[in-house]
Every structure is written in structure tokens, then in C-alpha cells.
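Shown next: coords35.txt, given as compact mmCIF, C-alpha atoms.
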```
# COMPACT_ATOMS: atom_id res chain seq x y z
CA MET A 1 28.43 -22.89 -6.91
CA LEU A 2 28.04 -22.91 -3.12
CA ILE A 3 30.79 -20.32 -2.74
CA LYS A 4 29.07 -18.03 -5.26
CA LEU A 5 25.77 -18.41 -3.40
CA ILE A 6 27.43 -17.53 -0.09
CA VAL A 7 29.16 -14.50 -1.62
CA TRP A 8 25.87 -13.36 -3.18
CA LEU A 9 24.01 -13.78 0.12
CA LEU A 10 26.68 -11.90 2.08
CA ALA A 11 26.52 -9.03 -0.42
CA ARG A 12 22.73 -8.82 -0.06
CA LEU A 13 23.00 -8.97 3.74
CA LYS A 14 25.57 -6.17 3.67
CA GLU A 15 23.18 -3.95 1.68
CA ALA A 16 20.27 -4.81 4.00
CA ALA A 17 22.42 -4.11 7.08
CA ARG A 18 23.30 -0.69 5.70
CA ASP A 19 19.60 0.11 5.25
CA PHE A 20 18.66 -1.36 8.65
CA LEU A 21 21.47 0.38 10.56
CA PRO A 22 19.63 3.70 11.18
CA VAL A 23 16.82 1.83 12.98
CA VAL A 24 19.34 0.10 15.24
CA VAL A 25 21.15 3.37 15.99
CA VAL A 26 17.95 5.25 16.90
CA ILE A 27 16.72 2.48 19.22
CA ALA A 28 20.14 2.10 20.89
CA VAL A 29 20.65 5.84 21.42
CA PHE A 30 17.24 6.42 22.98
CA GLN A 31 17.31 3.23 25.03
CA TYR A 32 20.75 3.77 26.57
CA ALA A 33 21.13 7.58 26.46
CA VAL A 34 17.58 8.72 27.25
CA ILE A 35 15.78 5.87 29.00
CA ARG A 36 19.11 4.62 30.43
CA GLN A 37 18.03 1.02 30.81
CA PRO A 38 19.29 -2.15 29.13
CA LEU A 39 17.11 -3.73 26.51
CA PRO A 40 14.88 -6.49 27.91
CA ASN A 41 15.22 -9.96 26.34
CA LEU A 42 18.31 -8.89 24.41
CA ASP A 43 18.91 -12.39 23.01
CA GLU A 44 15.40 -12.53 21.52
CA ILE A 45 15.76 -9.02 20.12
CA LEU A 46 19.07 -9.93 18.45
CA LEU A 47 17.55 -13.09 16.97
CA GLY A 48 14.58 -11.12 15.70
CA GLY A 49 16.89 -8.49 14.21
CA ILE A 50 18.87 -11.15 12.37
CA LEU A 51 15.67 -12.67 10.96
CA VAL A 52 14.47 -9.22 9.87
CA LEU A 53 17.82 -8.59 8.21
CA ILE A 54 17.70 -11.86 6.28
CA GLY A 55 14.06 -11.32 5.33
CA LEU A 56 14.73 -7.75 4.17
CA ALA A 57 17.66 -8.86 2.02
CA LEU A 58 15.69 -11.68 0.38
CA PHE A 59 12.57 -9.54 -0.05
CA VAL A 60 14.37 -6.70 -1.82
CA GLU A 61 16.15 -9.14 -4.10
CA GLY A 62 12.83 -10.88 -4.81
CA LEU A 63 11.36 -7.56 -5.90
CA LYS A 64 14.21 -7.01 -8.34
CA ILE A 65 14.12 -10.54 -9.75
CA GLY A 66 10.39 -11.26 -9.79
CA LEU A 67 7.81 -8.55 -9.11
CA PHE A 68 9.28 -5.62 -11.04
CA PRO A 69 9.95 -7.62 -14.24
CA ILE A 70 6.55 -9.32 -14.25
CA GLY A 71 4.74 -6.03 -13.67
CA GLU A 72 6.57 -4.30 -16.50
CA ALA A 73 6.19 -7.31 -18.84
CA MET A 74 2.43 -7.58 -18.28
CA ALA A 75 1.95 -3.84 -18.78
CA TYR A 76 3.95 -4.02 -22.02
CA ASN A 77 1.97 -7.02 -23.30
CA PHE A 78 -1.39 -5.42 -22.51
CA ALA A 79 -0.31 -2.22 -24.27
CA ARG A 80 0.69 -4.24 -27.34
CA ARG A 81 -2.73 -5.92 -27.43
CA ASN A 82 -4.20 -2.43 -27.81
CA SER A 83 -7.23 -3.37 -25.69
CA LEU A 84 -8.15 -0.58 -23.31
CA PHE A 85 -10.83 -2.64 -21.57
CA TRP A 86 -8.54 -5.52 -20.63
CA LEU A 87 -5.76 -3.18 -19.60
CA LEU A 88 -8.04 -1.26 -17.23
CA ALA A 89 -9.57 -4.53 -15.99
CA PHE A 90 -6.08 -5.83 -15.21
CA ALA A 91 -5.14 -2.58 -13.45
CA PHE A 92 -8.31 -2.72 -11.34
CA GLY A 93 -7.83 -6.41 -10.52
CA LEU A 94 -4.21 -5.83 -9.57
CA GLY A 95 -5.08 -3.03 -7.17
CA PHE A 96 -8.02 -4.87 -5.64
CA SER A 97 -6.34 -8.25 -5.17
CA THR A 98 -3.13 -6.91 -3.65
CA THR A 99 -5.05 -4.74 -1.19
CA VAL A 100 -7.88 -6.96 0.02
CA ALA A 101 -5.44 -9.45 1.59
CA GLU A 102 -3.03 -6.83 2.96
CA PRO A 103 -2.24 -7.83 6.58
CA ALA A 104 -2.04 -4.22 7.78
CA LEU A 105 -5.49 -3.50 6.35
CA ILE A 106 -6.96 -6.61 8.01
CA ALA A 107 -5.49 -5.60 11.37
CA VAL A 108 -6.68 -1.99 11.18
CA ALA A 109 -10.16 -3.00 10.01
CA ASP A 110 -10.51 -5.48 12.89
CA GLU A 111 -9.33 -2.87 15.39
CA ALA A 112 -11.70 -0.27 13.96
CA ALA A 113 -14.59 -2.72 14.33
CA LYS A 114 -13.68 -3.35 17.99
CA VAL A 115 -13.54 0.37 18.73
CA ALA A 116 -16.83 1.01 16.93
CA SER A 117 -18.47 -1.80 18.89
CA ALA A 118 -17.10 -0.51 22.21
CA ALA A 119 -18.46 2.95 21.39
CA GLY A 120 -21.92 1.47 20.87
CA LEU A 121 -21.98 2.17 17.12
CA LEU A 122 -22.42 -1.52 16.26
CA THR A 123 -25.22 -3.40 17.96
CA SER A 124 -25.05 -6.93 16.53
CA GLY A 125 -22.06 -8.29 18.48
CA ASP A 126 -19.28 -10.29 16.86
CA GLN A 127 -21.20 -10.69 13.61
CA GLY A 128 -21.62 -6.95 13.32
CA MET A 129 -17.90 -6.38 13.92
CA GLU A 130 -16.97 -8.96 11.28
CA GLU A 131 -19.33 -7.42 8.74
CA TYR A 132 -18.05 -3.92 9.51
CA ALA A 133 -14.38 -4.97 9.20
CA TYR A 134 -15.02 -6.93 6.01
CA GLY A 135 -16.96 -4.05 4.50
CA MET A 136 -14.14 -1.66 5.28
CA ARG A 137 -11.59 -4.00 3.65
CA ILE A 138 -13.73 -4.28 0.52
CA ALA A 139 -14.20 -0.49 0.39
CA VAL A 140 -10.44 0.11 0.57
CA ALA A 141 -9.67 -2.62 -1.97
CA LEU A 142 -12.27 -1.25 -4.40
CA SER A 143 -10.83 2.23 -3.99
CA VAL A 144 -7.31 1.06 -4.80
CA GLY A 145 -8.52 -0.91 -7.82
CA PHE A 146 -10.39 2.16 -9.03
CA ALA A 147 -7.34 4.36 -8.45
CA ILE A 148 -4.96 2.07 -10.37
CA ALA A 149 -7.41 1.84 -13.28
CA ILE A 150 -7.76 5.63 -13.43
CA GLY A 151 -3.98 5.97 -13.08
CA ALA A 152 -3.43 3.61 -16.01
CA LEU A 153 -5.94 5.59 -18.07
CA ARG A 154 -4.05 8.77 -17.13
CA ILE A 155 -0.83 7.33 -18.52
CA ILE A 156 -2.55 6.27 -21.74
CA LYS A 157 -4.25 9.64 -22.24
CA GLY A 158 -1.29 11.70 -21.01
CA TRP A 159 -3.23 13.59 -18.35
CA PRO A 160 -1.07 15.56 -15.87
CA VAL A 161 -1.00 13.76 -12.55
CA GLN A 162 -1.25 16.96 -10.50
CA TYR A 163 -4.76 17.65 -11.79
CA LEU A 164 -6.01 14.29 -10.55
CA ILE A 165 -4.30 14.71 -7.18
CA ILE A 166 -5.69 18.22 -6.66
CA GLY A 167 -9.16 17.10 -7.69
CA GLY A 168 -8.89 14.09 -5.41
CA TYR A 169 -8.00 16.17 -2.36
CA ILE A 170 -10.87 18.55 -3.09
CA ALA A 171 -13.14 15.50 -3.08
CA VAL A 172 -11.56 14.37 0.22
CA MET A 173 -12.36 17.71 1.84
CA ILE A 174 -15.95 17.64 0.58
CA VAL A 175 -16.57 14.09 1.80
CA THR A 176 -14.90 14.91 5.13
CA MET A 177 -17.51 17.58 5.79
CA MET A 178 -20.28 15.00 5.33
CA ALA A 179 -18.70 11.94 6.95
CA PRO A 180 -19.37 11.00 10.59
CA LYS A 181 -16.49 11.93 12.85
CA GLU A 182 -16.06 8.30 13.96
CA ILE A 183 -14.82 7.29 10.50
CA ILE A 184 -12.68 10.27 9.47
CA GLY A 185 -9.48 9.28 11.28
CA ILE A 186 -9.76 5.67 10.09
CA ALA A 187 -10.34 6.86 6.53
CA TYR A 188 -7.26 9.06 6.59
CA ASP A 189 -5.12 6.24 7.99
CA SER A 190 -6.42 3.83 5.37
CA GLY A 191 -4.59 5.82 2.72
CA GLY A 192 -1.25 4.79 4.21
CA ILE A 193 -2.30 1.18 4.69
CA THR A 194 -2.65 0.70 0.94
CA THR A 195 1.04 1.31 0.30
CA SER A 196 1.83 -2.32 1.04
CA THR A 197 4.90 -4.37 0.30
CA ILE A 198 3.24 -6.12 -2.65
CA THR A 199 1.08 -3.32 -4.06
CA VAL A 200 3.84 -0.73 -4.34
CA PRO A 201 6.35 -2.68 -6.49
CA LEU A 202 3.70 -4.19 -8.77
CA VAL A 203 1.86 -0.91 -9.30
CA THR A 204 5.09 1.01 -9.84
CA ALA A 205 6.23 -1.59 -12.36
CA LEU A 206 2.85 -1.35 -14.10
CA GLY A 207 3.17 2.41 -14.47
CA ILE A 208 6.74 2.28 -15.74
CA GLY A 209 5.92 -0.55 -18.13
CA LEU A 210 2.97 1.34 -19.57
CA ALA A 211 4.90 4.58 -19.96
CA THR A 212 7.77 2.72 -21.63
CA SER A 213 5.58 0.87 -24.12
CA ILE A 214 3.40 3.80 -25.21
CA ARG A 215 4.91 6.14 -27.77
CA GLY A 216 5.27 9.71 -26.55
CA ARG A 217 5.28 8.82 -22.84
CA ASN A 218 8.24 9.46 -20.57
CA PRO A 219 8.69 6.81 -17.83
CA MET A 220 10.10 9.42 -15.44
CA ILE A 221 7.19 11.83 -15.96
CA ASP A 222 4.29 9.50 -16.73
CA GLY A 223 5.36 6.23 -15.10
CA PHE A 224 5.05 7.38 -11.50
CA GLY A 225 2.16 8.81 -9.50
CA LEU A 226 -0.01 5.71 -9.27
CA ILE A 227 0.89 5.11 -5.64
CA ALA A 228 -0.09 8.64 -4.61
CA PHE A 229 -3.47 8.25 -6.26
CA ALA A 230 -3.92 4.81 -4.70
CA SER A 231 -3.29 6.37 -1.28
CA LEU A 232 -5.80 9.13 -1.94
CA THR A 233 -8.93 7.27 -3.03
CA PRO A 234 -9.27 5.06 0.10
CA MET A 235 -9.95 8.19 2.14
CA ILE A 236 -12.93 8.97 -0.07
CA PHE A 237 -14.26 5.41 -0.25
CA VAL A 238 -13.91 4.70 3.49
CA MET A 239 -15.67 7.93 4.43
CA ALA A 240 -18.40 7.09 1.93
CA TYR A 241 -18.63 3.67 3.57
CA GLY A 242 -18.94 5.40 6.95
CA VAL A 243 -21.78 7.50 5.62
CA MET A 244 -23.55 4.31 4.47
CA VAL A 245 -23.06 2.63 7.86
CA PHE A 246 -23.52 5.54 10.30
CA GLY A 247 -25.29 8.13 8.15
CA ILE A 248 -24.36 11.74 7.36
CA LYS A 249 -23.17 13.67 10.41
```

The structure in this file should be written as C-alpha cells.
Amino acid sequence: MLIKLIVWLLARLKEAARDFLPVVVVIAVFQYAVIRQPLPNLDEILLGGILVLIGLALFVEGLKIGLFPIGEAMAYNFARRNSLFWLLAFAFGLGFSTTVAEPALIAVADEAAKVASAAGLLTSGDQGMEEYAYGMRIAVALSVGFAIAIGALRIIKGWPVQYLIIGGYIAVMIVTMMAPKEIIGIAYDSGGITTSTITVPLVTALGIGLATSIRGRNPMIDGFGLIAFASLTPMIFVMAYGVMVFGIK
């Protein structure tokens, strides 16, 4: 049993090392060929790289074993219940809950609050920064929940994904013209923040599970596209939040 576990772990580490190798090559080439200096704290960097390698191997395997199957199974079970309300409620809750606690979103929201305070846009000190950062997190999480719910409805109804994406970007351009300039860059970056390590596999599994369980849907055509929509709506919601906080420019 122990030998099988070791063999399995070595196989996963080999796959992770293959995926991680381009990062190592790029850093090494630029550090030694362009900057022409040795890496500082090489022992710590090597230890960190080993930990990243192990974590990457275990994380990818965890996605395969746990998150993908549970996402597909829950989507299939909700489709069998034939309850549109509960399916959309689950899709919204999934998008909201996986986004509101996203570490990258928390970090960016806190940094945005600090910058806004330094620019004199927030006048109530630390409390104002906390409220601004929290409000931004809630706005992004609500936008992702809304996007996943609409994406699930799209799969059920069979709407072409390109129409929603085109319409969404038209809305982004319209809101951009009204939003204060201080929030536009943050809003655009917030779209990438939502593609987190937990949201992506669960939402992808949800889409594939729905498309598989609904007659007439093709998982390849209808099962994907949720992530793109989830990356689009935060731009609109965050700029709308900026309009509420700072007013129309």
C-alpha cells in the first residue's frame, strides 16, 4: 500500500513538474542571461519551489477527485428535480460564496481602499476603507452569482453564448462612459480576480453537468462559457458601485 502511494505521488509530482518547468526556465534565463546575477536566498527559493510543486500536484488531483465530480453531480441532481428556481438559486449561491472569500479579491479590494483613501476620495479613515473594501467584495460576489445564474439559465434555454457576451461588453462600454475614472481600472481588473482556483472548477463542472443532463444540449457547445460571463459582469457591477460611492463622472 505504501509503495503504491509513493508511486502515485511521484507520478503526480512528475506531471506537476512538467507544468511548472516553463516558469523555472523563464526565471532562470532572465536572471542569469539578462540580469546576470545569482538568485538571492537560493535555498529559500528552492524550498518554496518544492512546496509549490507538491501543492500544485495535490491541488490538481483534488480537483479531479473532488470538485469536478461534486459539481457535475449536483448539477445533474438539480436538473432531475426539474425545479428552475432551486437550480438558479444554487448557481447564484455557488458563484457568490466562492467569490466573496477569494483571497485575491480581498487583497485587491483592500489595496483599492488604501489608494482611494490616499487620493482623498474616502474621508472617514480606517472605517471608511473597510466599508469601501467590503462593499467592493460584495459587489463582485453578487456579480459572479448573477452571472452564474444567467449562465445556467442560458444552458437550460439553449441561448447562444456569444449573444450574452456581446451584450455584456456593450453594457461594459456604456457603464464605462458614466463611471468615475478612479474605479474603471479596478473594475476591469476585478473581472480577472473572479477566475479563482475554486470558482473555475466548480462552475465549469456545473455547466458540463447541466449540459449533460438536459436533453438536446451538447456539453462541448453548451457546457462552457460560464467563466467568461462570470469575468464580464464584475466590470459592470464594480463600476456601478463606483457610481454609487463617487457619483457619475

I'd like the contact shell of Tyr241 of chain A - 8 Å cut-off, all atoms listed in the file, skipping same-chain residues fewer than 6 positions apart - returned as a VMD selection string.
chain A and resid 135 to 136 139

Residues near Ala147 of chain A, anyone? I mean within 8 Å using only C-alpha atoms, not counting same-chain ones fewer than 5 positions away, as a list in words.
Phe92, Gly95, Leu226, Phe229, Ala230 and Thr233 of chain A

With C-alpha atoms retained, write the just-selected residues as a JSON list (two decimals), in the coordinates of the input.
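Output below, filename result_1.json:
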```json
[["chain", "number", "residue", "atom", "x", "y", "z"],
["A", 92, "PHE", "CA", -8.31, -2.72, -11.34],
["A", 95, "GLY", "CA", -5.08, -3.03, -7.17],
["A", 226, "LEU", "CA", -0.01, 5.71, -9.27],
["A", 229, "PHE", "CA", -3.47, 8.25, -6.26],
["A", 230, "ALA", "CA", -3.92, 4.81, -4.70],
["A", 233, "THR", "CA", -8.93, 7.27, -3.03]]
```

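The shortest atom-to-atom distance to Leu202 of chain A, with all atoms listed in the file taken into account, belongs to A:Ile148 out of A:Leu46, A:Ala118, A:Ile236, A:Ile148.
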
List the neighbours of Leu58 of chain A out to 12 Å using all atoms listed in the file; skip same-chain residues closer than 3 positions along the sequence, and give me the result as an mmCIF file with C-alpha atoms, keeping the file's coordinate frame.
```cif
data_model
loop_
_atom_site.group_PDB
_atom_site.id
_atom_site.type_symbol
_atom_site.label_atom_id
_atom_site.label_comp_id
_atom_site.auth_asym_id
_atom_site.auth_seq_id
_atom_site.Cartn_x
_atom_site.Cartn_y
_atom_site.Cartn_z
ATOM 1 C CA TRP A 8 25.870 -13.360 -3.180
ATOM 2 C CA LEU A 9 24.010 -13.780 0.120
ATOM 3 C CA LEU A 10 26.680 -11.900 2.080
ATOM 4 C CA ALA A 11 26.520 -9.030 -0.420
ATOM 5 C CA ARG A 12 22.730 -8.820 -0.060
ATOM 6 C CA LEU A 13 23.000 -8.970 3.740
ATOM 7 C CA LYS A 14 25.570 -6.170 3.670
ATOM 8 C CA GLU A 15 23.180 -3.950 1.680
ATOM 9 C CA ALA A 16 20.270 -4.810 4.000
ATOM 10 C CA LEU A 51 15.670 -12.670 10.960
ATOM 11 C CA VAL A 52 14.470 -9.220 9.870
ATOM 12 C CA LEU A 53 17.820 -8.590 8.210
ATOM 13 C CA ILE A 54 17.700 -11.860 6.280
ATOM 14 C CA GLY A 55 14.060 -11.320 5.330
ATOM 15 C CA GLU A 61 16.150 -9.140 -4.100
ATOM 16 C CA GLY A 62 12.830 -10.880 -4.810
ATOM 17 C CA LEU A 63 11.360 -7.560 -5.900
ATOM 18 C CA LYS A 64 14.210 -7.010 -8.340
ATOM 19 C CA ILE A 65 14.120 -10.540 -9.750
ATOM 20 C CA GLY A 66 10.390 -11.260 -9.790
#
```

With all atoms listed in the file as the counted atoms, please give the residues lying no more than 8 Å from Ala109 of chain A, apart from itself and same-chain residues fewer than 6 positions off, as an MDAnalysis selection string.
chainID A and resid 132:134 136:137

Please provide the set of residues having any atom within 10 Å of Leu94 of chain A, restricted to all atoms listed in the file, with same-chain residues fewer than 6 positions apart removed, written as a PyMOL selection string.
chain A and resi 71+88+141+144-145+148-149+199+202-203+206

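Put simply, atom CA of Met239 of chain A is 5.6 Å away from atom CA of Ala179 of chain A.
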
Smallest atom-to-atom distance to Asp19 of chain A: which of A:Leu56, A:Ile6, A:Leu87, A:Ile183, using all atoms listed in the file?
A:Leu56

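For the atom pair formed by atom CA of Met129 of chain A and atom CA of Glu182 of chain A, the distance is 14.8 Å, given to one decimal.
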